[in-house]
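This is query_14.pdb (PDB, C-alpha atoms).
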MODEL        1
ATOM      1  CA  MET T   1     -43.102 -18.357  20.513  1.00  0.00           C
ATOM      2  CA  ALA T   2     -39.755 -17.154  19.255  1.00  0.00           C
ATOM      3  CA  SER T   3     -37.108 -16.392  21.827  1.00  0.00           C
ATOM      4  CA  PHE T   4     -35.598 -12.924  21.997  1.00  0.00           C
ATOM      5  CA  ASP T   5     -33.029 -13.986  24.605  1.00  0.00           C
ATOM      6  CA  THR T   6     -29.485 -13.030  23.682  1.00  0.00           C
ATOM      7  CA  ILE T   7     -26.414 -15.157  23.286  1.00  0.00           C
ATOM      8  CA  GLN T   8     -22.963 -13.758  23.856  1.00  0.00           C
ATOM      9  CA  PHE T   9     -19.928 -15.204  22.154  1.00  0.00           C
ATOM     10  CA  LYS T  10     -16.564 -13.519  21.972  1.00  0.00           C
ATOM     11  CA  ASN T  11     -17.410  -9.814  21.746  1.00  0.00           C
ATOM     12  CA  LYS T  12     -20.782 -10.213  20.018  1.00  0.00           C
ATOM     13  CA  ILE T  13     -24.251 -10.103  21.583  1.00  0.00           C
ATOM     14  CA  ILE T  14     -26.887 -11.687  19.349  1.00  0.00           C
ATOM     15  CA  PRO T  15     -30.577 -12.439  19.917  1.00  0.00           C
ATOM     16  CA  GLU T  16     -31.109 -16.180  19.887  1.00  0.00           C
ATOM     17  CA  ILE T  17     -33.775 -15.921  17.166  1.00  0.00           C
ATOM     18  CA  ILE T  18     -31.190 -14.722  14.593  1.00  0.00           C
ATOM     19  CA  ILE T  19     -28.060 -16.476  15.868  1.00  0.00           C
ATOM     20  CA  ASN T  20     -27.567 -18.663  12.781  1.00  0.00           C
ATOM     21  CA  GLU T  21     -28.134 -15.833  10.318  1.00  0.00           C
ATOM     22  CA  ALA T  22     -25.873 -13.449  12.258  1.00  0.00           C
ATOM     23  CA  ARG T  23     -23.077 -16.007  12.484  1.00  0.00           C
ATOM     24  CA  THR T  24     -23.337 -16.675   8.756  1.00  0.00           C
ATOM     25  CA  ALA T  25     -23.176 -12.956   7.946  1.00  0.00           C
ATOM     26  CA  LEU T  26     -20.292 -12.427  10.385  1.00  0.00           C
ATOM     27  CA  SER T  27     -18.363 -15.330   8.828  1.00  0.00           C
ATOM     28  CA  HIS T  28     -18.026 -13.188   5.677  1.00  0.00           C
ATOM     29  CA  TYR T  29     -16.296 -10.430   7.654  1.00  0.00           C
ATOM     30  CA  PRO T  30     -13.244 -11.925   9.379  1.00  0.00           C
ATOM     31  CA  GLU T  31     -11.926  -8.368   9.879  1.00  0.00           C
ATOM     32  CA  LEU T  32     -14.749  -7.801  12.371  1.00  0.00           C
ATOM     33  CA  GLU T  33     -13.868 -10.792  14.563  1.00  0.00           C
ATOM     34  CA  GLU T  34     -12.321  -8.630  17.284  1.00  0.00           C
ATOM     35  CA  VAL T  35     -14.830  -5.793  16.934  1.00  0.00           C
ATOM     36  CA  SER T  36     -17.533  -5.467  19.589  1.00  0.00           C
ATOM     37  CA  ILE T  37     -20.988  -5.673  17.969  1.00  0.00           C
ATOM     38  CA  GLU T  38     -24.383  -5.932  19.625  1.00  0.00           C
ATOM     39  CA  PHE T  39     -27.420  -6.989  17.605  1.00  0.00           C
ATOM     40  CA  LYS T  40     -30.407  -5.517  19.424  1.00  0.00           C
ATOM     41  CA  PHE T  41     -34.138  -5.391  18.889  1.00  0.00           C
ATOM     42  CA  LYS T  42     -35.895  -2.057  19.126  1.00  0.00           C
ATOM     43  CA  SER T  43     -39.656  -1.653  19.085  1.00  0.00           C
ATOM     44  CA  SER T  44     -39.641   0.670  16.076  1.00  0.00           C
ATOM     45  CA  LEU T  45     -37.197   2.084  13.571  1.00  0.00           C
ATOM     46  CA  LYS T  46     -38.464   4.844  11.334  1.00  0.00           C
ATOM     47  CA  LYS T  47     -38.172   4.138   7.589  1.00  0.00           C
ATOM     48  CA  SER T  48     -36.017   1.036   8.050  1.00  0.00           C
ATOM     49  CA  PHE T  49     -35.917  -2.499   9.332  1.00  0.00           C
ATOM     50  CA  MET T  50     -32.297  -2.416  10.526  1.00  0.00           C
ATOM     51  CA  LYS T  51     -29.620   0.157  11.097  1.00  0.00           C
ATOM     52  CA  ALA T  52     -26.004  -0.015  12.184  1.00  0.00           C
ATOM     53  CA  GLN T  53     -24.273   2.683  14.168  1.00  0.00           C
ATOM     54  CA  PRO T  54     -21.378   3.169  16.543  1.00  0.00           C
ATOM     55  CA  LYS T  55     -22.320   2.982  20.204  1.00  0.00           C
ATOM     56  CA  PHE T  56     -22.343   6.585  21.365  1.00  0.00           C
ATOM     57  CA  SER T  57     -20.180   5.766  24.393  1.00  0.00           C
ATOM     58  CA  SER T  58     -17.382   4.538  22.112  1.00  0.00           C
ATOM     59  CA  ILE T  59     -17.327   7.199  19.380  1.00  0.00           C
ATOM     60  CA  PHE T  60     -14.294   8.949  20.878  1.00  0.00           C
ATOM     61  CA  LYS T  61     -12.380   5.736  21.541  1.00  0.00           C
ATOM     62  CA  SER T  62      -9.713   4.390  19.229  1.00  0.00           C
ATOM     63  CA  ARG T  63     -10.950   2.212  16.372  1.00  0.00           C
ATOM     64  CA  GLU T  64      -9.698  -0.888  18.186  1.00  0.00           C
ATOM     65  CA  LYS T  65     -11.897  -0.103  21.210  1.00  0.00           C
ATOM     66  CA  ARG T  66     -14.936   1.184  19.346  1.00  0.00           C
ATOM     67  CA  ALA T  67     -18.209  -0.737  19.717  1.00  0.00           C
ATOM     68  CA  TYR T  68     -21.143  -0.916  17.326  1.00  0.00           C
ATOM     69  CA  ILE T  69     -24.802  -1.785  17.482  1.00  0.00           C
ATOM     70  CA  ILE T  70     -27.148  -3.132  14.841  1.00  0.00           C
ATOM     71  CA  LEU T  71     -30.681  -2.116  15.753  1.00  0.00           C
ATOM     72  CA  MET T  72     -33.475  -4.259  14.317  1.00  0.00           C
ATOM     73  CA  SER T  73     -37.249  -4.237  14.423  1.00  0.00           C
ATOM     74  CA  LYS T  74     -38.920  -7.433  15.634  1.00  0.00           C
ATOM     75  CA  ILE T  75     -41.527  -6.763  12.988  1.00  0.00           C
ATOM     76  CA  PHE T  76     -40.789  -5.313   9.572  1.00  0.00           C
ATOM     77  CA  LYS T  77     -43.453  -2.588   9.301  1.00  0.00           C
ATOM     78  CA  ILE T  78     -43.827  -0.596   6.137  1.00  0.00           C
ATOM     79  CA  ASP T  79     -46.975   1.115   4.894  1.00  0.00           C
ATOM     80  CA  GLY T  80     -49.361  -0.962   6.977  1.00  0.00           C
ATOM     81  CA  MET T  81     -47.708  -4.282   6.136  1.00  0.00           C
ATOM     82  CA  GLN T  82     -46.262  -6.218   9.071  1.00  0.00           C
ATOM     83  CA  LEU T  83     -43.851  -9.120   8.718  1.00  0.00           C
ATOM     84  CA  PRO T  84     -42.344 -10.675  11.869  1.00  0.00           C
ATOM     85  CA  ILE T  85     -38.596 -11.286  11.704  1.00  0.00           C
ATOM     86  CA  LYS T  86     -39.186 -15.026  12.117  1.00  0.00           C
ATOM     87  CA  ASP T  87     -41.096 -14.993   8.801  1.00  0.00           C
ATOM     88  CA  ILE T  88     -38.322 -13.378   6.768  1.00  0.00           C
ATOM     89  CA  PRO T  89     -36.474 -15.966   4.639  1.00  0.00           C
ATOM     90  CA  GLU T  90     -33.086 -16.937   6.052  1.00  0.00           C
ATOM     91  CA  ASN T  91     -31.032 -15.844   3.021  1.00  0.00           C
ATOM     92  CA  VAL T  92     -32.836 -12.459   2.985  1.00  0.00           C
ATOM     93  CA  LEU T  93     -32.087 -11.892   6.673  1.00  0.00           C
ATOM     94  CA  ILE T  94     -28.433 -12.862   6.144  1.00  0.00           C
ATOM     95  CA  GLY T  95     -28.267 -10.327   3.310  1.00  0.00           C
ATOM     96  CA  TRP T  96     -29.799  -7.604   5.465  1.00  0.00           C
ATOM     97  CA  LEU T  97     -27.319  -8.321   8.251  1.00  0.00           C
ATOM     98  CA  GLY T  98     -24.467  -8.447   5.736  1.00  0.00           C
ATOM     99  CA  HIS T  99     -25.438  -4.998   4.479  1.00  0.00           C
ATOM    100  CA  GLU T 100     -25.428  -3.614   8.037  1.00  0.00           C
ATOM    101  CA  LEU T 101     -22.037  -5.204   8.681  1.00  0.00           C
ATOM    102  CA  GLY T 102     -20.889  -3.378   5.534  1.00  0.00           C
ATOM    103  CA  HIS T 103     -21.812  -0.141   7.288  1.00  0.00           C
ATOM    104  CA  ILE T 104     -19.727  -1.205  10.291  1.00  0.00           C
ATOM    105  CA  MET T 105     -16.764  -1.918   8.000  1.00  0.00           C
ATOM    106  CA  ASP T 106     -17.128   1.623   6.647  1.00  0.00           C
ATOM    107  CA  TYR T 107     -17.518   3.183  10.114  1.00  0.00           C
ATOM    108  CA  HIS T 108     -14.481   1.289  11.362  1.00  0.00           C
ATOM    109  CA  THR T 109     -12.275   3.083   8.814  1.00  0.00           C
ATOM    110  CA  LYS T 110     -13.342   6.519  10.039  1.00  0.00           C
ATOM    111  CA  SER T 111     -11.860   8.715  12.741  1.00  0.00           C
ATOM    112  CA  SER T 112     -14.111   9.918  15.552  1.00  0.00           C
ATOM    113  CA  LEU T 113     -14.502  13.321  13.900  1.00  0.00           C
ATOM    114  CA  ASN T 114     -15.339  11.712  10.558  1.00  0.00           C
ATOM    115  CA  LEU T 115     -17.974   9.522  12.248  1.00  0.00           C
ATOM    116  CA  ILE T 116     -19.658  12.608  13.691  1.00  0.00           C
ATOM    117  CA  LEU T 117     -19.528  14.378  10.324  1.00  0.00           C
ATOM    118  CA  PHE T 118     -20.899  11.232   8.674  1.00  0.00           C
ATOM    119  CA  GLY T 119     -23.871  11.193  11.071  1.00  0.00           C
ATOM    120  CA  ILE T 120     -24.659  14.837  10.384  1.00  0.00           C
ATOM    121  CA  GLN T 121     -24.414  14.461   6.609  1.00  0.00           C
ATOM    122  CA  TYR T 122     -26.444  11.231   6.645  1.00  0.00           C
ATOM    123  CA  SER T 123     -29.255  12.958   8.525  1.00  0.00           C
ATOM    124  CA  ILE T 124     -29.525  15.913   6.134  1.00  0.00           C
ATOM    125  CA  SER T 125     -28.523  14.762   2.646  1.00  0.00           C
ATOM    126  CA  SER T 126     -30.279  12.138   0.532  1.00  0.00           C
ATOM    127  CA  ASN T 127     -27.247  12.093  -1.792  1.00  0.00           C
ATOM    128  CA  TYR T 128     -25.057  11.229   1.200  1.00  0.00           C
ATOM    129  CA  ILE T 129     -27.499   8.496   2.265  1.00  0.00           C
ATOM    130  CA  ARG T 130     -27.346   7.051  -1.248  1.00  0.00           C
ATOM    131  CA  GLU T 131     -23.544   7.012  -1.203  1.00  0.00           C
ATOM    132  CA  ALA T 132     -23.391   5.445   2.281  1.00  0.00           C
ATOM    133  CA  GLU T 133     -25.901   2.719   1.371  1.00  0.00           C
ATOM    134  CA  ARG T 134     -24.031   1.901  -1.804  1.00  0.00           C
ATOM    135  CA  ILE T 135     -20.758   1.684   0.130  1.00  0.00           C
ATOM    136  CA  ALA T 136     -22.375  -0.783   2.567  1.00  0.00           C
ATOM    137  CA  ASP T 137     -23.695  -2.898  -0.331  1.00  0.00           C
ATOM    138  CA  THR T 138     -20.257  -2.798  -1.957  1.00  0.00           C
ATOM    139  CA  TYR T 139     -18.587  -4.047   1.231  1.00  0.00           C
ATOM    140  CA  ALA T 140     -21.080  -6.926   1.386  1.00  0.00           C
ATOM    141  CA  ILE T 141     -20.489  -7.826  -2.253  1.00  0.00           C
ATOM    142  CA  THR T 142     -16.703  -7.707  -1.896  1.00  0.00           C
ATOM    143  CA  HIS T 143     -17.091 -10.033   1.096  1.00  0.00           C
ATOM    144  CA  ALA T 144     -18.709 -12.766  -1.037  1.00  0.00           C
ATOM    145  CA  MET T 145     -22.286 -11.943  -0.031  1.00  0.00           C
ATOM    146  CA  LYS T 146     -23.610 -11.287  -3.560  1.00  0.00           C
ATOM    147  CA  ASP T 147     -26.266 -14.019  -3.427  1.00  0.00           C
ATOM    148  CA  TYR T 148     -27.552 -12.834  -0.039  1.00  0.00           C
ATOM    149  CA  ILE T 149     -27.638  -9.173  -1.092  1.00  0.00           C
ATOM    150  CA  LEU T 150     -29.451 -10.081  -4.314  1.00  0.00           C
ATOM    151  CA  ALA T 151     -31.972 -12.170  -2.351  1.00  0.00           C
ATOM    152  CA  THR T 152     -32.647  -9.212  -0.049  1.00  0.00           C
ATOM    153  CA  LYS T 153     -33.088  -6.755  -2.942  1.00  0.00           C
ATOM    154  CA  LYS T 154     -35.386  -9.126  -4.832  1.00  0.00           C
ATOM    155  CA  PHE T 155     -37.398  -9.823  -1.672  1.00  0.00           C
ATOM    156  CA  ILE T 156     -38.036  -6.113  -1.178  1.00  0.00           C
ATOM    157  CA  LEU T 157     -38.561  -5.133  -4.802  1.00  0.00           C
ATOM    158  CA  ASN T 158     -40.775  -8.130  -5.669  1.00  0.00           C
ATOM    159  CA  HIS T 159     -42.837  -8.199  -2.454  1.00  0.00           C
ATOM    160  CA  SER T 160     -46.387  -7.472  -3.554  1.00  0.00           C
ATOM    161  CA  SER T 161     -47.468  -6.091  -0.155  1.00  0.00           C
ATOM    162  CA  LEU T 162     -44.862  -3.319  -0.105  1.00  0.00           C
ATOM    163  CA  SER T 163     -45.916   0.056  -1.485  1.00  0.00           C
ATOM    164  CA  GLU T 164     -44.440   1.499  -4.649  1.00  0.00           C
ATOM    165  CA  LYS T 165     -43.337   4.507  -2.562  1.00  0.00           C
ATOM    166  CA  TYR T 166     -41.144   2.270  -0.376  1.00  0.00           C
ATOM    167  CA  LYS T 167     -39.805   0.336  -3.378  1.00  0.00           C
ATOM    168  CA  ALA T 168     -38.983   3.618  -5.136  1.00  0.00           C
ATOM    169  CA  ARG T 169     -37.005   4.726  -2.063  1.00  0.00           C
ATOM    170  CA  ILE T 170     -35.040   1.453  -2.136  1.00  0.00           C
ATOM    171  CA  ARG T 171     -34.379   1.834  -5.881  1.00  0.00           C
ATOM    172  CA  ARG T 172     -33.219   5.427  -5.358  1.00  0.00           C
ATOM    173  CA  LEU T 173     -30.875   4.824  -2.409  1.00  0.00           C
ATOM    174  CA  TYR T 174     -29.459   1.308  -2.846  1.00  0.00           C
ATOM    175  CA  LEU T 175     -27.686  -0.632  -5.566  1.00  0.00           C
ATOM    176  CA  SER T 176     -30.088  -2.361  -7.944  1.00  0.00           C
ATOM    177  CA  PRO T 177     -29.763  -6.098  -8.691  1.00  0.00           C
ATOM    178  CA  ASP T 178     -28.246  -5.160 -12.089  1.00  0.00           C
ATOM    179  CA  GLU T 179     -25.712  -2.815 -10.459  1.00  0.00           C
ATOM    180  CA  ILE T 180     -24.776  -5.595  -8.022  1.00  0.00           C
ATOM    181  CA  LEU T 181     -24.129  -8.026 -10.877  1.00  0.00           C
ATOM    182  CA  LEU T 182     -22.070  -5.379 -12.702  1.00  0.00           C
ATOM    183  CA  LEU T 183     -19.979  -4.782  -9.569  1.00  0.00           C
ATOM    184  CA  VAL T 184     -19.385  -8.538  -9.233  1.00  0.00           C
ATOM    185  CA  LYS T 185     -18.213  -8.720 -12.878  1.00  0.00           C
ATOM    186  CA  GLU T 186     -15.846  -5.779 -12.311  1.00  0.00           C
ATOM    187  CA  GLN T 187     -14.354  -7.550  -9.279  1.00  0.00           C
ATOM    188  CA  GLU T 188     -13.871 -10.765 -11.252  1.00  0.00           C
ATOM    189  CA  VAL T 189     -11.879  -8.842 -13.887  1.00  0.00           C
ATOM    190  CA  ASN T 190      -9.603  -7.203 -11.298  1.00  0.00           C
TER     191      ASN T 190
ENDMDL
END

As a first step, turn the structure in this file into structure tokens.
Amino acid sequence: MASFDTIQFKNKIIPEIIINEARTALSHYPELEEVSIEFKFKSSLKKSFMKAQPKFSSIFKSREKRAYIILMSKIFKIDGMQLPIKDIPENVLIGWLGHELGHIMDYHTKSSLNLILFGIQYSISSNYIREAERIADTYAITHAMKDYILATKKFILNHSSLSEKYKARIRRLYLSPDEILLLVKEQEVN
């Protein structure tokens, strides 16, 4: 039986079951070393497996004192398919976490008012969701997580048990593997 006990180190709270993957993902984001982040399991997340957000109690604090939470499902449930987190390949989980940390990098640049506006726009506009998800992927790629992000995309898009409806949503809102490789090439040129 997998342990869902948490481990606290520095200003991070991480469930024991993902400690290695979380530490690997965090190692790509040295800018987040002093940022308070809690990785927390939630019984169900609609339409997603993970999501990052500022802790409500810290939204009006200065960026230096703001805290974030990455909510995760213990079981990846989409269209009747169920995959426990312990069965997700390590590099895929690292990529997922790296993407969520990309969201935190983006949130950390925003003022309190801009965070609130972001939340409103994200909840009502699919174009805004697309832009936000692409920004998170871009942060992960610029933080040397290309291989992890590609593994995550390929896992989702090539998983035979996932519905075409879900895969179409991923294709519509997130960078494709080809777009990721193009972004990496652009970075190598600059």

For this session: Could you please give me, as a PyMOL selection string, the residues of protein, DNA or RNA lying at most 12 Å from (-41.2, 4.5, 2.2) in the coordinate frame of the file, considering only C-alpha atoms?
Result: chain T and resi 46-49+77-81+156+162-173

If I wrap all listed atoms of stretch 19-26 of chain T in a box with edges along x, y and z and add 6 Å on each side, what are its centre and edge lengths in Å to one decimal, as AutoDock Vina command-line options?
--center_x -24.2 --center_y -15.5 --center_z 11.9 --size_x 19.8 --size_y 18.2 --size_z 19.9

Problem set entry | Residue with smallest distance to T:Glu31 - pool T:Ile19, T:Ile124, T:Ile88, T:Ile104, counting all atoms listed in the file |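 Ranking T:Ile19, T:Ile124, T:Ile88, T:Ile104 by distance to T:Glu31, first place goes to T:Ile104.
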
Exercise. Do you know which residues are at most 12 Å from T:Glu131 counting only C-alpha atoms, after dropping those on the same chain fewer than 3 positions away, and could you put them as a ChimeraX atom specification?
Worked result: /T:103,106,118,121-122,125-128,134-138,172-175

Problem set entry | Separation of atom CA of T:Ile14 from atom CA of T:His99, in Å and rounded to one decimal | 16.4 Å

Problem set entry | Residues within 8 Å of (-20.7, 1.6, 20.1), file coords, all atoms listed in the file, listed as a list in words |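 Those within range, by chain then number, are Ser36, Ile37, Gln53, Pro54, Lys55, Phe56, Ser57, Ser58, Ile59, Arg66, Ala67, Tyr68 and Ile69 of chain T.
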
Exercise. Which one is closest to T:Ile13: T:Pro30, T:Ser62, T:Asn91, T:Ile70? Count only C-alpha atoms.
Worked result: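 Smallest separation from T:Ile13 among the options: T:Ile70.
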
For this session: Go through T:Leu113, T:Ala25, T:Val35, T:Leu71 and flag the residue nearest T:Lys12, using all atoms listed in the file for the distances.
Result: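 So, comparing all the options, the nearest one is T:Val35.
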
For this session: Record the distance separating atom CA of T:Phe41 and atom CA of T:Met72, expressed in Å with one decimal.
Result: 4.8 Å

Problem set entry | Selected residue, from T:Thr152, T:Ser43, T:Ser112, T:Thr6, that lies nearest to T:Pro89 when counting all atoms listed in the file |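 Looking only at the distances to T:Pro89, the closest residue turns out to be T:Thr152.
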
Problem set entry | Counting only C-alpha atoms, the option among T:Ile120, T:Gly95, T:His108, T:Val184 closest to T:Lys153 | T:Gly95

For this session: Find the spatial neighbours of T:Gln187, counting all atoms listed in the file, within a cut-off of 12 Å - ignore same-chain residues fewer than 4 positions away - and output them as a ChimeraX atom specification.
Result: /T:138-139,141-144,146,180-183

For this session: Have a look at atom CA of T:Asn11 and atom CA of T:Glu33 and let me know their distance in Å, one decimal.
Result: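 Computing the Euclidean distance for atom CA of T:Asn11 and atom CA of T:Glu33 yields 8.1 Å.
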